[in-house]
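Undergrad: Contents are PDB, C-alpha atoms, pLDDT in the B column; file name final.pdb:
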```pdb
ATOM      1  CA  TYR A  12       0.000   0.000   0.000  1.00 43.00           C
ATOM      2  CA  SER A  13       1.601   3.191  -1.158  1.00 50.00           C
ATOM      3  CA  LEU A  14       0.623   6.732  -0.225  1.00 50.00           C
ATOM      4  CA  SER A  15       0.213   7.710  -3.883  1.00 52.00           C
ATOM      5  CA  TYR A  16      -2.342  10.359  -2.966  1.00 58.00           C
ATOM      6  CA  GLU A  17      -0.102  12.065  -0.393  1.00 76.00           C
ATOM      7  CA  THR A  18       3.276  13.717  -0.732  1.00 89.00           C
ATOM      8  CA  CYS A  19       5.822  12.658   1.859  1.00 93.00           C
ATOM      9  CA  HIS A  20       7.996  15.708   2.316  1.00 95.00           C
ATOM     10  CA  GLU A  21      11.621  16.102   3.310  1.00 96.00           C
ATOM     11  CA  GLY A  22      12.409  14.560   6.676  1.00 97.00           C
ATOM     12  CA  THR A  23       9.781  11.849   6.165  1.00 97.00           C
ATOM     13  CA  TYR A  24       9.398   8.718   4.029  1.00 96.00           C
ATOM     14  CA  ASP A  25       6.783   6.310   2.649  1.00 92.00           C
ATOM     15  CA  ASP A  26       7.448   2.709   3.643  1.00 88.00           C
ATOM     16  CA  ALA A  27       4.642   1.451   1.363  1.00 85.00           C
ATOM     17  CA  VAL A  28       2.938  -0.160   4.376  1.00 87.00           C
ATOM     18  CA  SER A  29       1.921   2.612   6.738  1.00 84.00           C
ATOM     19  CA  THR A  30      -1.128   4.797   6.131  1.00 84.00           C
ATOM     20  CA  ALA A  31       0.796   7.976   6.875  1.00 91.00           C
ATOM     21  CA  CYS A  32       4.199   9.441   6.133  1.00 94.00           C
ATOM     22  CA  LEU A  33       6.785   8.449   8.714  1.00 96.00           C
ATOM     23  CA  ALA A  34       9.409  10.730  10.230  1.00 97.00           C
ATOM     24  CA  CYS A  35      12.996   9.715   9.555  1.00 98.00           C
ATOM     25  CA  PRO A  36      14.351   7.986  12.665  1.00 98.00           C
ATOM     26  CA  VAL A  37      17.317   9.351  14.620  1.00 98.00           C
ATOM     27  CA  GLY A  38      20.620   8.773  12.850  1.00 98.00           C
ATOM     28  CA  LYS A  39      19.008   9.181   9.436  1.00 98.00           C
ATOM     29  CA  PHE A  40      17.758  11.984   7.162  1.00 98.00           C
ATOM     30  CA  ASN A  41      15.842  12.669   3.957  1.00 97.00           C
ATOM     31  CA  ASP A  42      16.333  15.772   1.818  1.00 96.00           C
ATOM     32  CA  ALA A  43      13.823  14.954  -0.957  1.00 96.00           C
ATOM     33  CA  ASP A  44      10.077  14.345  -1.282  1.00 94.00           C
ATOM     34  CA  ASN A  45       8.388  10.956  -1.758  1.00 92.00           C
ATOM     35  CA  GLN A  46      11.272   8.716  -0.726  1.00 94.00           C
ATOM     36  CA  GLU A  47      10.797   5.102   0.306  1.00 93.00           C
ATOM     37  CA  ALA A  48      13.562   5.212   2.908  1.00 96.00           C
ATOM     38  CA  CYS A  49      15.783   7.639   4.787  1.00 97.00           C
ATOM     39  CA  ARG A  50      19.534   7.708   4.351  1.00 98.00           C
ATOM     40  CA  PRO A  51      21.987   7.139   7.210  1.00 98.00           C
ATOM     41  CA  CYS A  52      24.153  10.005   8.437  1.00 98.00           C
ATOM     42  CA  VAL A  53      27.719   9.730   7.177  1.00 98.00           C
ATOM     43  CA  LYS A  54      30.759   9.821   9.468  1.00 98.00           C
ATOM     44  CA  GLY A  55      31.402  13.255  10.893  1.00 98.00           C
ATOM     45  CA  THR A  56      27.663  13.979  11.178  1.00 98.00           C
ATOM     46  CA  PHE A  57      24.745  12.904  13.377  1.00 98.00           C
ATOM     47  CA  ALA A  58      20.970  13.243  13.765  1.00 98.00           C
ATOM     48  CA  ALA A  59      19.808  13.403  17.372  1.00 98.00           C
ATOM     49  CA  THR A  60      16.123  13.957  16.583  1.00 98.00           C
ATOM     50  CA  GLU A  61      13.558  12.428  14.217  1.00 98.00           C
ATOM     51  CA  GLY A  62      12.474  14.026  10.970  1.00 98.00           C
ATOM     52  CA  MET A  63      15.808  15.500   9.986  1.00 98.00           C
ATOM     53  CA  VAL A  64      16.204  17.004   6.520  1.00 98.00           C
ATOM     54  CA  ASP A  65      19.972  16.852   6.873  1.00 98.00           C
ATOM     55  CA  CYS A  66      22.452  15.552   9.425  1.00 98.00           C
ATOM     56  CA  GLN A  67      24.292  17.956  11.698  1.00 98.00           C
ATOM     57  CA  PRO A  68      28.091  18.128  11.460  1.00 98.00           C
ATOM     58  CA  ALA A  69      29.993  17.436  14.669  1.00 98.00           C
ATOM     59  CA  ASP A  70      30.811  20.642  16.540  1.00 98.00           C
ATOM     60  CA  LYS A  71      34.347  21.878  17.095  1.00 98.00           C
ATOM     61  CA  GLY A  72      35.879  19.840  19.901  1.00 98.00           C
ATOM     62  CA  ARG A  73      33.658  16.884  18.955  1.00 98.00           C
ATOM     63  CA  PHE A  74      33.823  13.996  16.483  1.00 98.00           C
ATOM     64  CA  VAL A  75      31.688  11.222  14.958  1.00 98.00           C
ATOM     65  CA  ASN A  76      33.538   8.117  13.763  1.00 98.00           C
ATOM     66  CA  GLU A  77      30.546   5.997  12.743  1.00 98.00           C
ATOM     67  CA  THR A  78      27.659   6.118  10.272  1.00 98.00           C
ATOM     68  CA  GLN A  79      24.021   6.538  11.319  1.00 98.00           C
ATOM     69  CA  SER A  80      25.093   8.196  14.564  1.00 98.00           C
ATOM     70  CA  THR A  81      22.605   9.787  16.915  1.00 98.00           C
ATOM     71  CA  VAL A  82      25.246  11.554  19.028  1.00 98.00           C
ATOM     72  CA  GLN A  83      28.592  13.326  18.794  1.00 98.00           C
ATOM     73  CA  TYR A  84      31.537  12.580  21.062  1.00 98.00           C
ATOM     74  CA  LYS A  85      33.929  14.865  22.946  1.00 98.00           C
ATOM     75  CA  CYS A  86      37.585  14.813  21.920  1.00 98.00           C
ATOM     76  CA  PRO A  87      39.599  12.887  24.533  1.00 98.00           C
ATOM     77  CA  LEU A  88      42.250  14.450  26.736  1.00 98.00           C
ATOM     78  CA  GLY A  89      45.326  15.583  24.837  1.00 98.00           C
ATOM     79  CA  HIS A  90      43.361  15.909  21.581  1.00 98.00           C
ATOM     80  CA  PHE A  91      41.378  18.601  19.753  1.00 98.00           C
ATOM     81  CA  ALA A  92      39.060  19.195  16.794  1.00 98.00           C
ATOM     82  CA  GLY A  93      39.546  22.606  15.243  1.00 98.00           C
ATOM     83  CA  HIS A  94      36.855  22.198  12.568  1.00 98.00           C
ATOM     84  CA  THR A  95      33.275  20.981  12.402  1.00 98.00           C
ATOM     85  CA  GLY A  96      32.419  17.579  10.922  1.00 98.00           C
ATOM     86  CA  MET A  97      35.536  15.823  12.187  1.00 98.00           C
ATOM     87  CA  LEU A  98      35.717  12.020  11.967  1.00 98.00           C
ATOM     88  CA  ALA A  99      38.503  11.921  14.568  1.00 98.00           C
ATOM     89  CA  CYS A 100      40.344  14.377  16.803  1.00 98.00           C
ATOM     90  CA  ASP A 101      43.947  15.414  16.262  1.00 98.00           C
ATOM     91  CA  GLU A 102      46.712  15.034  18.813  1.00 98.00           C
ATOM     92  CA  CYS A 103      48.066  18.159  20.461  1.00 98.00           C
ATOM     93  CA  ARG A 104      51.535  18.898  19.145  1.00 98.00           C
ATOM     94  CA  ALA A 105      54.608  18.973  21.337  1.00 98.00           C
ATOM     95  CA  GLY A 106      54.684  22.261  23.229  1.00 98.00           C
ATOM     96  CA  SER A 107      50.911  22.280  23.719  1.00 98.00           C
ATOM     97  CA  VAL A 108      48.350  20.379  25.811  1.00 98.00           C
ATOM     98  CA  ALA A 109      44.618  19.717  26.212  1.00 98.00           C
ATOM     99  CA  PRO A 110      43.844  19.172  29.920  1.00 97.00           C
ATOM    100  CA  LYS A 111      40.075  18.819  29.343  1.00 98.00           C
ATOM    101  CA  GLU A 112      37.844  16.810  27.013  1.00 98.00           C
ATOM    102  CA  GLY A 113      36.066  18.449  24.085  1.00 98.00           C
ATOM    103  CA  GLN A 114      38.723  21.023  23.202  1.00 98.00           C
ATOM    104  CA  SER A 115      38.632  22.897  19.890  1.00 98.00           C
ATOM    105  CA  LYS A 116      42.285  23.894  20.226  1.00 98.00           C
ATOM    106  CA  CYS A 117      45.296  23.033  22.355  1.00 98.00           C
ATOM    107  CA  THR A 118      46.828  25.350  24.917  1.00 98.00           C
ATOM    108  CA  LEU A 119      50.440  26.409  24.396  1.00 98.00           C
ATOM    109  CA  CYS A 120      52.788  25.756  27.297  1.00 98.00           C
ATOM    110  CA  ALA A 121      53.438  28.958  29.262  1.00 98.00           C
ATOM    111  CA  THR A 122      56.888  30.495  29.530  1.00 98.00           C
ATOM    112  CA  GLY A 123      59.071  28.573  31.954  1.00 98.00           C
ATOM    113  CA  LYS A 124      57.333  25.331  30.967  1.00 98.00           C
ATOM    114  CA  PHE A 125      57.661  22.706  28.238  1.00 98.00           C
ATOM    115  CA  GLN A 126      56.170  19.543  26.762  1.00 98.00           C
ATOM    116  CA  LEU A 127      58.313  17.298  24.583  1.00 98.00           C
ATOM    117  CA  LEU A 128      55.592  14.766  23.691  1.00 98.00           C
ATOM    118  CA  GLN A 129      52.352  14.859  21.715  1.00 98.00           C
ATOM    119  CA  ALA A 130      48.823  14.282  23.059  1.00 98.00           C
ATOM    120  CA  GLU A 131      49.689  15.340  26.606  1.00 98.00           C
ATOM    121  CA  LEU A 132      47.571  16.922  29.357  1.00 97.00           C
ATOM    122  CA  THR A 133      50.010  19.158  31.237  1.00 98.00           C
ATOM    123  CA  CYS A 134      53.235  21.092  30.723  1.00 98.00           C
ATOM    124  CA  GLY A 135      56.239  20.561  32.987  1.00 98.00           C
ATOM    125  CA  ASP A 136      58.491  23.154  34.609  1.00 98.00           C
ATOM    126  CA  CYS A 137      61.923  23.749  33.126  1.00 98.00           C
ATOM    127  CA  GLY A 138      64.556  22.114  35.312  1.00 96.00           C
ATOM    128  CA  VAL A 139      67.300  23.841  37.292  1.00 95.00           C
ATOM    129  CA  GLY A 140      69.824  25.452  34.952  1.00 93.00           C
ATOM    130  CA  LYS A 141      67.303  25.655  32.092  1.00 96.00           C
ATOM    131  CA  TYR A 142      64.755  28.199  30.856  1.00 97.00           C
ATOM    132  CA  ALA A 143      61.953  28.835  28.340  1.00 98.00           C
ATOM    133  CA  ASN A 144      61.179  32.435  27.353  1.00 98.00           C
ATOM    134  CA  THR A 145      58.610  31.704  24.626  1.00 98.00           C
ATOM    135  CA  LEU A 146      55.158  30.097  24.574  1.00 98.00           C
ATOM    136  CA  GLY A 147      54.787  26.547  23.256  1.00 98.00           C
ATOM    137  CA  THR A 148      58.289  25.367  24.111  1.00 98.00           C
ATOM    138  CA  LYS A 149      59.032  21.738  23.319  1.00 98.00           C
ATOM    139  CA  GLU A 150      62.314  21.578  25.218  1.00 98.00           C
ATOM    140  CA  CYS A 151      63.887  24.050  27.664  1.00 98.00           C
ATOM    141  CA  ALA A 152      67.221  25.625  26.776  1.00 97.00           C
ATOM    142  CA  THR A 153      70.347  25.452  28.914  1.00 95.00           C
ATOM    143  CA  CYS A 154      71.445  28.736  30.468  1.00 94.00           C
ATOM    144  CA  PRO A 155      74.254  30.394  28.465  1.00 93.00           C
ATOM    145  CA  THR A 156      77.745  30.805  29.866  1.00 90.00           C
ATOM    146  CA  GLY A 157      77.864  33.180  32.816  1.00 90.00           C
ATOM    147  CA  ARG A 158      74.167  32.870  33.634  1.00 93.00           C
ATOM    148  CA  THR A 159      72.298  30.544  35.990  1.00 93.00           C
ATOM    149  CA  ALA A 160      68.766  29.460  36.927  1.00 93.00           C
ATOM    150  CA  SER A 161      68.742  28.133  40.462  1.00 89.00           C
ATOM    151  CA  GLY A 162      65.024  27.281  40.559  1.00 93.00           C
ATOM    152  CA  THR A 163      62.609  25.382  38.328  1.00 96.00           C
ATOM    153  CA  GLY A 164      60.229  27.001  35.849  1.00 97.00           C
ATOM    154  CA  SER A 165      62.603  29.826  34.910  1.00 97.00           C
ATOM    155  CA  VAL A 166      61.675  32.232  32.126  1.00 98.00           C
ATOM    156  CA  ASN A 167      65.244  33.518  31.810  1.00 96.00           C
ATOM    157  CA  CYS A 168      68.637  33.034  33.400  1.00 95.00           C
ATOM    158  CA  LEU A 169      70.302  35.337  35.882  1.00 92.00           C
ATOM    159  CA  GLN A 170      73.611  36.973  35.043  1.00 93.00           C
ATOM    160  CA  CYS A 171      75.989  36.752  37.986  1.00 93.00           C
ATOM    161  CA  GLY A 172      77.032  40.141  39.320  1.00 93.00           C
ATOM    162  CA  PHE A 173      80.355  41.611  40.457  1.00 95.00           C
ATOM    163  CA  GLY A 174      82.218  39.472  42.988  1.00 96.00           C
ATOM    164  CA  LYS A 175      80.382  36.314  41.937  1.00 94.00           C
ATOM    165  CA  PHE A 176      80.778  33.569  39.373  1.00 94.00           C
ATOM    166  CA  ALA A 177      78.399  31.218  37.617  1.00 92.00           C
ATOM    167  CA  ASP A 178      78.695  27.986  39.579  1.00 89.00           C
ATOM    168  CA  VAL A 179      77.548  25.543  36.868  1.00 84.00           C
ATOM    169  CA  ALA A 180      77.825  22.503  39.133  1.00 84.00           C
ATOM    170  CA  ASN A 181      75.347  23.973  41.631  1.00 84.00           C
ATOM    171  CA  ASN A 182      73.391  26.170  39.199  1.00 86.00           C
ATOM    172  CA  LYS A 183      73.773  29.350  41.181  1.00 90.00           C
ATOM    173  CA  CYS A 184      75.873  32.481  41.504  1.00 92.00           C
ATOM    174  CA  THR A 185      78.556  31.934  44.139  1.00 94.00           C
ATOM    175  CA  ASP A 186      80.706  34.501  45.947  1.00 96.00           C
ATOM    176  CA  CYS A 187      84.364  34.628  45.036  1.00 96.00           C
ATOM    177  CA  ASP A 188      86.620  33.227  47.778  1.00 96.00           C
ATOM    178  CA  ALA A 189      88.931  35.471  49.783  1.00 96.00           C
ATOM    179  CA  GLY A 190      92.017  36.271  47.715  1.00 95.00           C
ATOM    180  CA  LYS A 191      89.980  36.286  44.501  1.00 96.00           C
ATOM    181  CA  PHE A 192      87.756  38.749  42.663  1.00 95.00           C
ATOM    182  CA  ALA A 193      85.341  39.120  39.723  1.00 96.00           C
ATOM    183  CA  GLN A 194      85.320  42.579  38.216  1.00 95.00           C
ATOM    184  CA  ASN A 195      82.914  41.719  35.384  1.00 95.00           C
ATOM    185  CA  LYS A 196      79.354  40.459  35.368  1.00 92.00           C
ATOM    186  CA  GLY A 197      78.748  36.962  34.080  1.00 91.00           C
ATOM    187  CA  GLN A 198      82.137  35.500  34.905  1.00 93.00           C
ATOM    188  CA  VAL A 199      82.419  31.718  35.007  1.00 93.00           C
ATOM    189  CA  ALA A 200      85.365  31.822  37.423  1.00 95.00           C
ATOM    190  CA  CYS A 201      86.967  34.304  39.804  1.00 96.00           C
ATOM    191  CA  ASP A 202      90.445  35.714  39.204  1.00 96.00           C
ATOM    192  CA  ASN A 203      93.339  35.540  41.674  1.00 97.00           C
ATOM    193  CA  CYS A 204      94.593  38.804  43.101  1.00 95.00           C
ATOM    194  CA  LEU A 205      97.890  39.862  41.553  1.00 94.00           C
ATOM    195  CA  ALA A 206     101.128  39.980  43.514  1.00 91.00           C
ATOM    196  CA  GLY A 207     101.096  42.945  45.860  1.00 91.00           C
ATOM    197  CA  TRP A 208      97.315  42.953  45.982  1.00 93.00           C
ATOM    198  CA  SER A 209      94.902  41.118  48.308  1.00 93.00           C
ATOM    199  CA  GLN A 210      91.262  40.656  49.181  1.00 94.00           C
ATOM    200  CA  PRO A 211      90.473  39.328  52.669  1.00 94.00           C
ATOM    201  CA  ALA A 212      86.710  39.321  52.127  1.00 96.00           C
ATOM    202  CA  THR A 213      84.556  37.052  49.943  1.00 95.00           C
ATOM    203  CA  GLY A 214      82.297  38.190  47.112  1.00 95.00           C
ATOM    204  CA  GLU A 215      84.357  41.176  46.036  1.00 95.00           C
ATOM    205  CA  GLY A 216      84.738  42.732  42.617  1.00 94.00           C
ATOM    206  CA  ARG A 217      88.298  43.972  43.065  1.00 95.00           C
ATOM    207  CA  CYS A 218      91.471  43.502  45.117  1.00 96.00           C
ATOM    208  CA  VAL A 219      93.150  46.100  47.296  1.00 95.00           C
ATOM    209  CA  GLN A 220      96.803  47.035  47.104  1.00 93.00           C
ATOM    210  CA  CYS A 221      98.966  45.907  50.021  1.00 89.00           C
ATOM    211  CA  THR A 222     100.213  48.713  52.254  1.00 79.00           C
ATOM    212  CA  THR A 223     103.906  49.502  52.536  1.00 57.00           C
ATOM    213  CA  GLY A 224     105.821  46.761  54.336  1.00 50.00           C
ATOM    214  CA  LYS A 225     103.225  44.068  53.537  1.00 53.00           C
ATOM    215  CA  PHE A 226     102.788  41.538  50.746  1.00 47.00           C
TER
END
```
Could you spell out this file's structure in structure tokens?
TA:
Amino acid sequence: YSLSYETCHEGTYDDAVSTACLACPVGKFNDADNQEACRPCVKGTFAATEGMVDCQPADKGRFVNETQSTVQYKCPLGHFAGHTGMLACDECRAGSVAPKEGQSKCTLCATGKFQLLQAELTCGDCGVGKYANTLGTKECATCPTGRTASGTGSVNCLQCGFGKFADVANNKCTDCDAGKFAQNKGQVACDNCLAGWSQPATGEGRCVQCTTGKF
């Protein structure tokens, strides 16, 4: 029995048995009149309600990896979907993370932090002696000669001042010992006082000349 006397419009169909036009079920659609069946939604789209004229593309941050879907799914942690109608979510690149589900974009690691791997949830602090002064750093850089970073999560390295030297072994600026001096910033070692000069104190930027009768 066909509904030859009635037009079944878009979003409905004529199954040749029923006495009335039927709404397309969820997961399917119909964009033409007088059809005998509705078509399934393709991957990347879904139909959550009956009587759909077209399927809805997955939102940003969501995906649909199956046909005839009635729902869309959130991107998992560490992933994102930057466009609508995605069949699958992309992994966050190194230097960025997605700490929550359903993200449309990844978050760049802040300065002082890094992430070497893909599809991660959090960024880590730069270690002692290293720094990151740009967003989205994959790997922290080692402090240049004459500079140190004594703590973790450093954005830049500290240049050692007068009377100090960059103690690479301990990642800090250390005072020059007595009898030595550092007259320039950023020195990697202290200099010995010359003959006829001395420095009884530590952490000094210059030596003092011995008085007459002393050496």
Undergrad: Any idea what's packed within 10 Å of Asp42 (chain A), counting all atoms listed in the file, ignoring anything in its chain fewer than 4 positions away? Could you give it as a ChimeraX atom specification?
TA: /A:20-23,46,49-50,63-66
Undergrad: Give as a PDB file with C-alpha atoms, keeping the file's coordinate frame the residues that the PyMOL selection byres ((chain A and resi 210-214) around 6) matches when applied to the coordinates above.
TA:
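Result saved to expr39.pdb:
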```pdb
ATOM      1  CA  GLY A 174      82.218  39.472  42.988  1.00 96.00           C
ATOM      2  CA  LYS A 175      80.382  36.314  41.937  1.00 94.00           C
ATOM      3  CA  ASP A 186      80.706  34.501  45.947  1.00 96.00           C
ATOM      4  CA  CYS A 187      84.364  34.628  45.036  1.00 96.00           C
ATOM      5  CA  ASP A 188      86.620  33.227  47.778  1.00 96.00           C
ATOM      6  CA  ALA A 189      88.931  35.471  49.783  1.00 96.00           C
ATOM      7  CA  GLY A 190      92.017  36.271  47.715  1.00 95.00           C
ATOM      8  CA  SER A 209      94.902  41.118  48.308  1.00 93.00           C
ATOM      9  CA  GLU A 215      84.357  41.176  46.036  1.00 95.00           C
ATOM     10  CA  CYS A 218      91.471  43.502  45.117  1.00 96.00           C
TER      11      CYS A 218
END
```
Undergrad: Using the chain letters and numbers from this file, what does the PyMOL selection byres ((chain A and resi 74) around 8) select? Give the answer as an NGL selection string.
TA: :A and (55 or 69-73 or 75-76 or 83-86 or 92 or 96-100)
Undergrad: Please determine, counting all atoms listed in the file, which residue among A:Thr18, A:Thr133, A:Thr95, A:Ser161 has the shortest atom-to-atom distance to Ser107 (chain A).
TA: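 Closest to Ser107 (chain A) of all the choices is A:Thr133.
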Undergrad: Mind giving me the axis-aligned box for region 153-172 of chain A with 4 Å on every side, centre plus edges in Å to one decimal, as AutoDock Vina command-line options?
TA:
```
--center_x 69.0 --center_y 32.8 --center_z 34.5 --size_x 25.6 --size_y 22.8 --size_z 20.1
```
Undergrad: As an exercise, work out the distance from CA of Gln114 (chain A) to CA of His94 (chain A) in Å and give it to one decimal place.
TA: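 Answer for the CA of Gln114 (chain A) to CA of His94 (chain A) separation: 10.9 Å.
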Undergrad: When you count all atoms listed in the file, which of these residues is closest to Lys183 (chain A): A:Gly140, A:Gly197, A:Gly93, A:Gly147?
TA: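 Under the stated criterion, the closest residue is A:Gly140.
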Undergrad: What would region 111-131 of chain A look like with N, CA and C atoms in place, written as an mmCIF file, in the frame of the given file?
TA:
```
data_model
loop_
_atom_site.group_PDB
_atom_site.id
_atom_site.type_symbol
_atom_site.label_atom_id
_atom_site.label_comp_id
_atom_site.auth_asym_id
_atom_site.auth_seq_id
_atom_site.Cartn_x
_atom_site.Cartn_y
_atom_site.Cartn_z
ATOM 1 N N LYS A 111 41.490 19.167 29.206
ATOM 2 C CA LYS A 111 40.075 18.819 29.343
ATOM 3 C C LYS A 111 39.572 18.153 28.066
ATOM 4 N N GLU A 112 38.469 17.425 28.175
ATOM 5 C CA GLU A 112 37.844 16.810 27.013
ATOM 6 C C GLU A 112 37.102 17.876 26.199
ATOM 7 N N GLY A 113 36.874 17.574 24.916
ATOM 8 C CA GLY A 113 36.066 18.449 24.085
ATOM 9 C C GLY A 113 36.709 19.768 23.719
ATOM 10 N N GLN A 114 38.013 19.779 23.521
ATOM 11 C CA GLN A 114 38.723 21.023 23.202
ATOM 12 C C GLN A 114 38.764 21.266 21.688
ATOM 13 N N SER A 115 38.548 22.528 21.303
ATOM 14 C CA SER A 115 38.632 22.897 19.890
ATOM 15 C C SER A 115 40.040 23.336 19.503
ATOM 16 N N LYS A 116 40.888 23.563 20.492
ATOM 17 C CA LYS A 116 42.285 23.894 20.226
ATOM 18 C C LYS A 116 43.111 23.520 21.456
ATOM 19 N N CYS A 117 44.393 23.365 21.252
ATOM 20 C CA CYS A 117 45.296 23.033 22.355
ATOM 21 C C CYS A 117 45.855 24.310 22.962
ATOM 22 N N THR A 118 46.265 24.209 24.198
ATOM 23 C CA THR A 118 46.828 25.350 24.917
ATOM 24 C C THR A 118 48.352 25.290 24.877
ATOM 25 N N LEU A 119 48.982 26.371 24.445
ATOM 26 C CA LEU A 119 50.440 26.409 24.396
ATOM 27 C C LEU A 119 51.010 26.420 25.816
ATOM 28 N N CYS A 120 52.118 25.724 26.000
ATOM 29 C CA CYS A 120 52.788 25.756 27.297
ATOM 30 C C CYS A 120 53.226 27.191 27.597
ATOM 31 N N ALA A 121 53.049 27.614 28.847
ATOM 32 C CA ALA A 121 53.438 28.958 29.262
ATOM 33 C C ALA A 121 54.960 29.082 29.303
ATOM 34 N N THR A 122 55.447 30.296 29.389
ATOM 35 C CA THR A 122 56.888 30.495 29.530
ATOM 36 C C THR A 122 57.363 29.829 30.829
ATOM 37 N N GLY A 123 58.549 29.288 30.792
ATOM 38 C CA GLY A 123 59.071 28.573 31.954
ATOM 39 C C GLY A 123 58.634 27.126 32.003
ATOM 40 N N LYS A 124 57.836 26.711 31.009
ATOM 41 C CA LYS A 124 57.333 25.331 30.967
ATOM 42 C C LYS A 124 57.581 24.722 29.589
ATOM 43 N N PHE A 125 57.403 23.404 29.500
ATOM 44 C CA PHE A 125 57.661 22.706 28.238
ATOM 45 C C PHE A 125 56.844 21.416 28.167
ATOM 46 N N GLN A 126 56.731 20.874 26.960
ATOM 47 C CA GLN A 126 56.170 19.543 26.762
ATOM 48 C C GLN A 126 56.793 18.961 25.500
ATOM 49 N N LEU A 127 57.563 17.905 25.678
ATOM 50 C CA LEU A 127 58.313 17.298 24.583
ATOM 51 C C LEU A 127 57.456 16.348 23.750
ATOM 52 N N LEU A 128 56.397 15.794 24.350
ATOM 53 C CA LEU A 128 55.592 14.766 23.691
ATOM 54 C C LEU A 128 54.294 15.315 23.118
ATOM 55 N N GLN A 129 53.652 14.510 22.278
ATOM 56 C CA GLN A 129 52.352 14.859 21.715
ATOM 57 C C GLN A 129 51.234 14.259 22.566
ATOM 58 N N ALA A 130 50.034 14.807 22.407
ATOM 59 C CA ALA A 130 48.823 14.282 23.059
ATOM 60 C C ALA A 130 48.945 14.246 24.578
ATOM 61 N N GLU A 131 49.512 15.300 25.154
ATOM 62 C CA GLU A 131 49.689 15.340 26.606
ATOM 63 C C GLU A 131 48.679 16.290 27.263
#
```
